[in-house]
>>> print(open('start.cif').read())   # mmCIF, C-alpha atoms
data_entry
#
loop_
_atom_site.label_atom_id
_atom_site.label_comp_id
_atom_site.auth_asym_id
_atom_site.auth_seq_id
_atom_site.Cartn_x
_atom_site.Cartn_y
_atom_site.Cartn_z
CA MET T 119 28.95 29.74 8.08
CA THR T 120 26.76 28.69 10.98
CA GLY T 121 26.83 29.70 14.60
CA PRO T 122 25.12 31.85 17.27
CA GLY T 123 23.64 35.07 15.97
CA ALA T 124 25.20 37.17 18.70
CA THR T 125 28.69 36.11 17.60
CA VAL T 126 28.84 34.75 14.05
CA GLY T 127 25.81 36.65 12.76
CA ASP T 128 26.90 39.91 14.34
CA GLU T 129 30.40 39.60 12.90
CA ILE T 130 29.08 38.91 9.40
CA ALA T 131 26.81 41.96 9.59
CA ARG T 132 29.53 44.28 10.95
CA ASN T 133 32.57 43.06 9.06
CA PRO T 134 33.82 45.54 6.42
CA GLY T 135 34.34 42.60 4.06
CA THR T 136 30.57 42.11 3.88
CA HIS T 137 28.96 44.52 1.43
CA GLY T 138 25.32 43.35 1.48
CA ILE T 139 23.05 41.72 4.04
CA GLY T 140 19.80 39.82 3.49
CA PHE T 141 17.89 38.78 6.60
CA ILE T 142 14.57 36.98 7.18
CA GLY T 143 13.34 36.72 10.75
CA SER T 144 11.83 38.61 13.65
CA THR T 145 11.47 42.38 13.78
CA ALA T 146 13.61 42.72 16.91
CA THR T 147 16.51 40.74 15.43
CA GLY T 148 16.15 42.47 12.08
CA GLN T 149 16.56 45.86 13.72
CA LYS T 150 19.78 44.66 15.37
CA VAL T 151 21.05 43.34 12.03
CA ALA T 152 20.25 46.65 10.33
CA ALA T 153 22.10 48.60 13.03
CA ALA T 154 25.15 46.36 12.74
CA ALA T 155 25.10 46.59 8.94
CA ALA T 156 24.72 50.36 8.78
CA GLY T 157 26.07 51.74 5.50
CA LYS T 158 25.64 48.47 3.58
CA ALA T 159 22.97 47.29 1.16
CA VAL T 160 20.30 45.59 3.30
CA ILE T 161 17.14 43.57 2.63
CA LEU T 162 15.02 42.78 5.67
CA GLU T 163 11.93 40.55 5.49
CA LEU T 164 10.55 40.68 9.03
CA GLY T 165 7.37 40.08 11.00
CA GLY T 166 3.74 40.59 10.13
CA ASN T 167 0.31 40.94 11.64
CA GLY T 168 -1.42 41.38 8.31
CA PRO T 169 -5.16 40.76 8.65
CA ILE T 170 -7.58 38.63 6.69
CA VAL T 171 -10.67 40.74 6.02
CA VAL T 172 -13.99 38.95 5.47
CA MET T 173 -16.65 41.28 4.09
CA ASP T 174 -20.41 40.71 4.31
CA ASP T 175 -20.57 39.76 0.62
CA ALA T 176 -17.70 37.25 0.82
CA ASP T 177 -17.85 33.59 -0.20
CA LEU T 178 -17.71 32.32 3.38
CA ASP T 179 -16.82 28.75 2.45
CA LEU T 180 -13.84 30.00 0.45
CA ALA T 181 -12.83 32.39 3.24
CA ALA T 182 -13.04 29.70 5.92
CA GLU T 183 -10.97 27.24 3.85
CA ALA T 184 -8.29 29.87 3.25
CA THR T 185 -8.27 30.88 6.91
CA VAL T 186 -7.50 27.33 8.06
CA THR T 187 -4.40 27.39 5.85
CA ALA T 188 -3.51 30.92 6.90
CA CYS T 189 -3.75 30.37 10.64
CA PHE T 190 -2.62 26.78 11.14
CA LEU T 191 -0.05 26.00 8.44
CA CYS T 192 3.27 25.36 10.24
CA ALA T 193 1.35 25.89 13.50
CA GLY T 194 0.97 29.55 12.60
CA GLN T 195 4.74 30.03 12.61
CA SER T 196 4.90 32.11 9.45
CA CYS T 197 5.33 35.84 8.86
CA THR T 198 2.32 35.71 6.52
CA ALA T 199 0.07 33.75 8.88
CA GLY T 200 -3.50 34.93 9.47
CA GLU T 201 -2.60 36.74 12.66
CA ARG T 202 -6.02 38.45 12.96
CA LEU T 203 -9.37 38.11 11.22
CA LEU T 204 -11.39 41.26 10.59
CA VAL T 205 -14.87 39.83 9.94
CA HIS T 206 -17.97 41.86 9.08
CA ARG T 207 -20.43 41.73 11.94
CA ASP T 208 -23.31 40.58 9.69
CA VAL T 209 -21.53 37.33 8.75
CA ARG T 210 -19.30 36.85 11.78
CA GLU T 211 -21.39 34.15 13.46
CA GLU T 212 -21.79 32.09 10.28
CA PHE T 213 -18.12 32.45 9.37
CA VAL T 214 -16.91 31.41 12.83
CA ALA T 215 -19.17 28.33 12.73
CA LYS T 216 -17.77 27.29 9.34
CA LEU T 217 -14.21 27.86 10.52
CA ALA T 218 -14.76 25.86 13.71
CA ARG T 219 -16.20 22.95 11.74
CA LEU T 220 -13.20 22.88 9.38
CA VAL T 221 -10.74 23.01 12.27
CA THR T 222 -12.48 20.05 13.92
CA GLU T 223 -12.46 18.06 10.68
CA ARG T 224 -9.02 18.89 9.31
CA VAL T 225 -6.63 20.08 12.00
CA LEU T 226 -5.10 17.11 13.80
CA LEU T 227 -2.56 17.85 16.51
CA GLY T 228 0.23 15.32 16.89
CA ASP T 229 3.70 14.07 16.06
CA PRO T 230 4.84 15.87 12.88
CA PHE T 231 6.24 12.58 11.56
CA ALA T 232 2.97 10.68 12.09
CA GLU T 233 0.74 10.16 9.09
CA GLY T 234 -2.34 12.33 9.28
CA THR T 235 -0.88 14.98 11.57
CA THR T 236 -1.60 18.49 10.30
CA LEU T 237 -0.55 20.51 13.36
CA GLY T 238 2.73 20.00 15.16
CA PRO T 239 4.38 21.66 18.17
CA LEU T 240 5.71 25.18 18.43
CA ASN T 241 9.40 25.72 17.80
CA ASN T 242 10.57 26.87 21.21
CA ALA T 243 9.53 27.89 24.70
CA GLY T 244 9.52 31.61 23.87
CA VAL T 245 6.96 31.17 21.09
CA ALA T 246 4.75 29.01 23.31
CA GLN T 247 4.98 31.56 26.11
CA LYS T 248 3.84 34.29 23.72
CA MET T 249 0.80 32.17 22.82
CA ASP T 250 0.04 31.81 26.53
CA GLU T 251 0.24 35.57 27.06
CA HIS T 252 -1.69 36.63 23.96
CA VAL T 253 -4.58 34.22 24.49
CA ALA T 254 -4.81 35.08 28.20
CA ASP T 255 -4.83 38.80 27.38
CA ALA T 256 -7.61 38.39 24.82
CA LEU T 257 -9.75 36.39 27.26
CA GLN T 258 -9.17 38.95 29.99
CA ARG T 259 -10.43 41.65 27.62
CA GLY T 260 -13.65 39.77 26.89
CA ALA T 261 -12.90 37.37 24.03
CA THR T 262 -14.37 33.87 24.12
CA VAL T 263 -12.82 30.51 23.17
CA VAL T 264 -14.52 28.73 20.26
CA SER T 265 -11.96 25.93 20.08
CA GLY T 266 -8.62 25.14 21.69
CA GLY T 267 -7.46 27.89 24.01
CA SER T 268 -4.68 26.05 25.84
CA ARG T 269 -1.57 23.92 25.57
CA ALA T 270 -2.11 20.21 24.94
CA ASP T 271 -1.32 17.52 27.52
CA GLY T 272 0.08 14.06 26.88
CA TYR T 273 2.77 14.98 24.35
CA PRO T 274 6.58 14.61 24.58
CA THR T 275 7.01 18.35 25.26
CA ASP T 276 4.82 21.18 26.53
CA LEU T 277 5.23 23.02 23.19
CA TYR T 278 2.04 21.57 21.73
CA TRP T 279 -0.84 24.08 21.49
CA HIS T 280 -4.37 23.23 20.44
CA ALA T 281 -5.64 24.94 17.28
CA THR T 282 -7.36 27.96 18.80
CA ILE T 283 -10.23 30.13 17.57
CA LEU T 284 -11.08 33.23 19.59
CA ASP T 285 -14.27 35.20 18.96
CA GLY T 286 -15.15 38.72 20.05
CA VAL T 287 -11.51 39.78 20.23
CA PRO T 288 -11.11 43.50 20.98
CA ALA T 289 -8.98 45.32 18.42
CA GLU T 290 -6.60 46.50 21.15
CA SER T 291 -5.76 42.96 22.33
CA LEU T 292 -2.15 41.79 22.10
CA VAL T 293 -3.18 38.99 19.74
CA ALA T 294 -4.64 41.62 17.36
CA GLN T 295 -1.75 44.04 17.70
CA GLU T 296 1.41 41.92 17.80
CA GLU T 297 2.79 38.94 15.90
CA THR T 298 1.67 35.88 17.89
CA PHE T 299 3.39 33.29 15.66
CA GLY T 300 1.22 30.44 16.86
CA PRO T 301 -1.90 28.41 15.92
CA VAL T 302 -4.54 31.03 16.71
CA ALA T 303 -7.40 32.60 14.73
CA PRO T 304 -8.53 35.78 16.53
CA VAL T 305 -11.83 37.17 15.19
CA VAL T 306 -12.33 40.94 15.41
CA ALA T 307 -15.78 42.23 14.38
CA ILE T 308 -15.94 45.12 11.89
CA ASP T 309 -18.84 47.12 10.41
CA SER T 310 -17.45 48.44 7.13
CA LEU T 311 -14.67 48.34 4.57
CA GLU T 312 -13.47 51.69 5.87
CA GLN T 313 -13.02 50.22 9.34
CA ALA T 314 -11.11 47.27 7.88
CA ILE T 315 -8.75 49.71 6.15
CA GLU T 316 -8.37 51.76 9.31
CA LEU T 317 -7.52 48.75 11.46
CA THR T 318 -5.10 47.38 8.86
CA ASN T 319 -3.22 50.66 8.69
CA ALA T 320 -3.24 51.12 12.48
CA SER T 321 -0.87 48.15 12.80
CA PRO T 322 2.87 48.82 13.07
CA PHE T 323 3.36 45.96 10.59
CA GLY T 324 2.98 46.24 6.83
CA LEU T 325 3.85 42.89 5.26
CA LEU T 326 0.80 41.17 3.78
CA SER T 327 -2.98 41.44 4.01
CA ALA T 328 -5.93 39.65 2.42
CA ILE T 329 -9.57 40.43 1.75
CA PHE T 330 -12.54 38.26 0.80
CA THR T 331 -15.34 39.93 -1.16
CA ARG T 332 -17.41 39.27 -4.27
CA ASP T 333 -17.07 42.94 -5.25
CA LEU T 334 -13.85 43.53 -7.22
CA ALA T 335 -14.14 47.28 -6.63
CA LYS T 336 -14.06 46.71 -2.87
CA GLY T 337 -11.06 44.42 -3.19
CA LEU T 338 -9.13 46.96 -5.26
CA GLN T 339 -10.17 49.83 -2.98
CA TYR T 340 -8.80 47.90 -0.03
CA ALA T 341 -5.56 47.05 -1.86
CA ASP T 342 -5.08 50.68 -2.91
CA SER T 343 -5.73 52.01 0.60
CA VAL T 344 -3.74 49.73 2.90
CA ARG T 345 -0.04 50.06 3.65
CA THR T 346 1.07 46.45 3.12
CA GLY T 347 3.62 45.26 0.61
CA TRP T 348 1.36 42.47 -0.69
CA VAL T 349 -2.45 42.17 -0.87
CA ASN T 350 -4.39 39.02 -1.75
CA VAL T 351 -8.01 39.29 -2.91
CA ASN T 352 -10.01 36.11 -2.24
CA GLU T 353 -6.87 34.14 -1.32
CA SER T 354 -5.17 33.10 1.91
CA SER T 355 -2.67 35.44 3.54
CA ASN T 356 -0.23 32.53 3.35
CA TYR T 357 -0.27 32.60 -0.46
CA TRP T 358 2.72 34.21 -2.15
CA GLU T 359 4.88 33.31 -5.11
CA THR T 360 8.68 33.12 -4.94
CA HIS T 361 9.08 34.68 -8.39
CA LEU T 362 7.18 37.85 -7.40
CA PRO T 363 8.53 40.72 -5.26
CA PHE T 364 7.62 40.19 -1.60
CA GLY T 365 8.30 42.36 1.43
CA GLY T 366 7.01 44.96 3.87
CA ARG T 367 6.16 48.59 3.34
CA SER T 368 8.83 51.11 4.31
CA GLY T 369 8.17 52.74 7.65
CA SER T 370 6.63 49.59 9.11
CA GLN T 371 8.14 46.91 11.33
CA SER T 372 7.99 44.39 8.48
CA GLY T 373 11.32 45.23 6.88
CA ILE T 374 12.71 46.95 3.84
CA GLY T 375 13.40 45.83 0.28
CA ARG T 376 11.98 42.84 -1.55
CA VAL T 377 12.73 39.13 -1.73
CA GLY T 378 11.42 36.97 -4.56
CA GLY T 379 12.18 36.91 -8.27
CA THR T 380 14.84 39.32 -9.49
CA ALA T 381 14.07 41.91 -6.80
CA PRO T 382 16.96 40.92 -4.46
CA MET T 383 19.43 41.10 -7.34
CA GLU T 384 18.20 44.58 -8.16
CA SER T 385 18.70 45.65 -4.55
CA PHE T 386 22.28 44.36 -4.53
CA THR T 387 23.22 45.68 -7.97
CA GLU T 388 24.92 49.08 -7.88
CA LEU T 389 25.31 51.64 -10.66
CA GLN T 390 28.81 52.90 -11.36
CA THR T 391 29.29 56.27 -13.02
CA VAL T 392 32.40 56.75 -15.17
CA VAL T 393 33.22 60.15 -16.69
CA LEU T 394 35.82 60.30 -19.47
CA SER T 395 37.48 63.56 -20.54
#
>>> encode(input="start.cif", output="structure tokens")
Amino acid sequence: MTGPGATVGDEIARNPGTHGIGFIGSTATGQKVAAAAAGKAVILELGGNGPIVVMDDADLDLAAEATVTACFLCAGQSCTAGERLLVHRDVREEFVAKLARLVTERVLLGDPFAEGTTLGPLNNAGVAQKMDEHVADALQRGATVVSGGSRADGYPTDLYWHATILDGVPAESLVAQEETFGPVAPVVAIDSLEQAIELTNASPFGLLSAIFTRDLAKGLQYADSVRTGWVNVNESSNYWETHLPFGGRSGSQSGIGRVGGTAPMESFTELQTVVLS
């Protein structure tokens, strides 16, 4: 059944004839769905602000390639997008230069149906407005624009945003704290693995994170220490497999339960106890 969420969706979630609910979408809507479906089996795969960590021993070419995919695939409109980049201060300048070069070479804004286009418009006015607010907030707090930084003129709608790289983004900026859901790569400088772990866990989200390092021990220490449901080591944050369990950590704003593989079936399969005398 299709229809407006506030009517059709709400009825499906509340109706006593519905015994299980699976929802993928924003945190705010997911919380409303969960409230309406109280008492039923629920899987929620919600928002994310999972970082990409680039350590000082990382393969910077690999990290920059993966970041382009993470931040600009689907114009950043993905719950696993590279919403913030925690880059070690010793390699930050070199990494940003590599990323900027790749964006210039490979990210082409235009009509999604035109051959060669790799970056299309945002989905709706609300998403574009959030980009406006998050970028403006970061700049007001001292960040600088490396590329992009504004909406694009000369297109059929005002929903086109240039691929944007921001450097020197303070960790408390909106773009580093919330889910922007747009084509932006905000670079936050870090000094250690411990700081990367601290900043990852300070987020209210807990969906997916990624780290680039040549030291397997560092990668596993990060994975073991952060509260995200999925961790990629030396791979884009936008990489996940549909046959593997995927979802946010409990207690975060990224949902509950797991999608992917047999995990949803396990969530919706109930045990029945029968006692015979």
>>> closest_atom_pairs(input="start.cif", of="stretch 198-264 of chain T", to="stretch 163-186 of chain T", cutoff="10 Å", atoms="all atoms listed in the file", output="Markdown table")
| residue | atom | partner | partner_atom | distance |
| --- | --- | --- | --- | --- |
| T:Thr198 | CA | T:Gly166 | CA | 6.2 |
| T:Ala199 | CA | T:Asn167 | CA | 7.7 |
| T:Gly200 | CA | T:Pro169 | CA | 6.1 |
| T:Glu201 | CA | T:Asn167 | CA | 5.2 |
| T:Arg202 | CA | T:Pro169 | CA | 5.0 |
| T:Leu203 | CA | T:Ile170 | CA | 4.9 |
| T:Leu204 | CA | T:Val171 | CA | 4.7 |
| T:Val205 | CA | T:Val172 | CA | 4.6 |
| T:His206 | CA | T:Met173 | CA | 5.2 |
| T:Arg207 | CA | T:Asp174 | CA | 7.7 |
| T:Asp208 | CA | T:Asp174 | CA | 6.1 |
| T:Val209 | CA | T:Asp174 | CA | 5.7 |
| T:Arg210 | CA | T:Asp174 | CA | 8.5 |
| T:Glu212 | CA | T:Leu178 | CA | 8.0 |
| T:Phe213 | CA | T:Leu178 | CA | 6.0 |
| T:Val214 | CA | T:Ala182 | CA | 8.1 |
| T:Ala215 | CA | T:Ala182 | CA | 9.3 |
| T:Lys216 | CA | T:Ala182 | CA | 6.3 |
| T:Leu217 | CA | T:Ala182 | CA | 5.1 |
| T:Ala218 | CA | T:Ala182 | CA | 8.9 |
| T:Arg219 | CA | T:Ala182 | CA | 9.5 |
| T:Leu220 | CA | T:Val186 | CA | 7.4 |
| T:Val221 | CA | T:Val186 | CA | 6.8 |
| T:Arg224 | CA | T:Val186 | CA | 8.7 |
| T:Val225 | CA | T:Val186 | CA | 8.3 |
>>> residues_around(input="start.cif", residues="T:Ile315", least_positions_apart="3", cutoff="9 Å", atoms="only C-alpha atoms", output="list in words")
Ser310, Leu311, Glu312, Thr318, Asn319, Ala320, Tyr340, Ser343 and Val344 of chain T
>>> residues_near_point(input="start.cif", point="(16.8, 39.7, 0.9)", cutoff="10 Å", atoms="all atoms listed in the file", output="PyMOL selection string")
chain T and resi 138-142+159-163+364-365+373-378+381-383+385-386
>>> closest_residue(input="start.cif", among="T:Ala307, T:Leu227, T:Ala243, T:Leu284", to="T:Cys192", atoms="only C-alpha atoms")
T:Leu227
>>> atom_distance(input="start.cif", atom1="atom CA of T:Arg332", atom2="atom CA of T:Glu359")
23.1 Å
>>> axis_aligned_box(input="start.cif", around="stretch 197-216 of chain T", padding_each_side="5 Å", output="lines of an AutoDock Vina configuration file")
center_x = -9.0
center_y = 34.6
center_z = 10.0
size_x = 38.6
size_y = 24.6
size_z = 16.9
>>> resolve_selection(input="start.cif", expression="the PyMOL selection byres ((chain T and resi 279) around 12)", output="tab-separated table (two decimals) with C-alpha atoms, in the frame of the given file")
chain	number	residue	atom	x	y	z
T	190	PHE	CA	-2.62	26.78	11.14
T	193	ALA	CA	1.35	25.89	13.50
T	194	GLY	CA	0.97	29.55	12.60
T	225	VAL	CA	-6.63	20.08	12.00
T	226	LEU	CA	-5.10	17.11	13.80
T	227	LEU	CA	-2.56	17.85	16.51
T	228	GLY	CA	0.23	15.32	16.89
T	237	LEU	CA	-0.55	20.51	13.36
T	238	GLY	CA	2.73	20.00	15.16
T	239	PRO	CA	4.38	21.66	18.17
T	240	LEU	CA	5.71	25.18	18.43
T	241	ASN	CA	9.40	25.72	17.80
T	242	ASN	CA	10.57	26.87	21.21
T	243	ALA	CA	9.53	27.89	24.70
T	245	VAL	CA	6.96	31.17	21.09
T	246	ALA	CA	4.75	29.01	23.31
T	247	GLN	CA	4.98	31.56	26.11
T	248	LYS	CA	3.84	34.29	23.72
T	249	MET	CA	0.80	32.17	22.82
T	250	ASP	CA	0.04	31.81	26.53
T	253	VAL	CA	-4.58	34.22	24.49
T	265	SER	CA	-11.96	25.93	20.08
T	266	GLY	CA	-8.62	25.14	21.69
T	267	GLY	CA	-7.46	27.89	24.01
T	268	SER	CA	-4.68	26.05	25.84
T	269	ARG	CA	-1.57	23.92	25.57
T	270	ALA	CA	-2.11	20.21	24.94
T	271	ASP	CA	-1.32	17.52	27.52
T	272	GLY	CA	0.08	14.06	26.88
T	273	TYR	CA	2.77	14.98	24.35
T	275	THR	CA	7.01	18.35	25.26
T	276	ASP	CA	4.82	21.18	26.53
T	277	LEU	CA	5.23	23.02	23.19
T	278	TYR	CA	2.04	21.57	21.73
T	280	HIS	CA	-4.37	23.23	20.44
T	281	ALA	CA	-5.64	24.94	17.28
T	282	THR	CA	-7.36	27.96	18.80
T	283	ILE	CA	-10.23	30.13	17.57
T	299	PHE	CA	3.39	33.29	15.66
T	300	GLY	CA	1.22	30.44	16.86
T	301	PRO	CA	-1.90	28.41	15.92
T	302	VAL	CA	-4.54	31.03	16.71
>>> atom_distance(input="start.cif", atom1="atom CA of T:Ile329", atom2="atom CA of T:Val351")
5.0 Å
>>> atom_distance(input="start.cif", atom1="atom CA of T:Thr360", atom2="atom CA of T:Leu325")
14.9 Å
>>> closest_residue(input="start.cif", among="T:Val287, T:Cys189, T:Thr380, T:Ala328", to="T:Ala303", atoms="only C-alpha atoms")
T:Cys189
>>> residues_around(input="start.cif", residues="T:Ile130", least_positions_apart="5", cutoff="9 Å", atoms="all atoms listed in the file", output="mmCIF file with C-alpha atoms, in the frame of the given file")
data_model
loop_
_atom_site.group_PDB
_atom_site.id
_atom_site.type_symbol
_atom_site.label_atom_id
_atom_site.label_comp_id
_atom_site.auth_asym_id
_atom_site.auth_seq_id
_atom_site.Cartn_x
_atom_site.Cartn_y
_atom_site.Cartn_z
ATOM 1 C CA THR T 125 28.690 36.110 17.600
ATOM 2 C CA GLY T 135 34.340 42.600 4.060
ATOM 3 C CA THR T 136 30.570 42.110 3.880
ATOM 4 C CA ILE T 139 23.050 41.720 4.040
ATOM 5 C CA ALA T 155 25.100 46.590 8.940
#
>>> closest_residue(input="start.cif", among="T:Val392, T:Thr262, T:Thr387, T:Ala124", to="T:Asp285", atoms="only C-alpha atoms")
T:Thr262
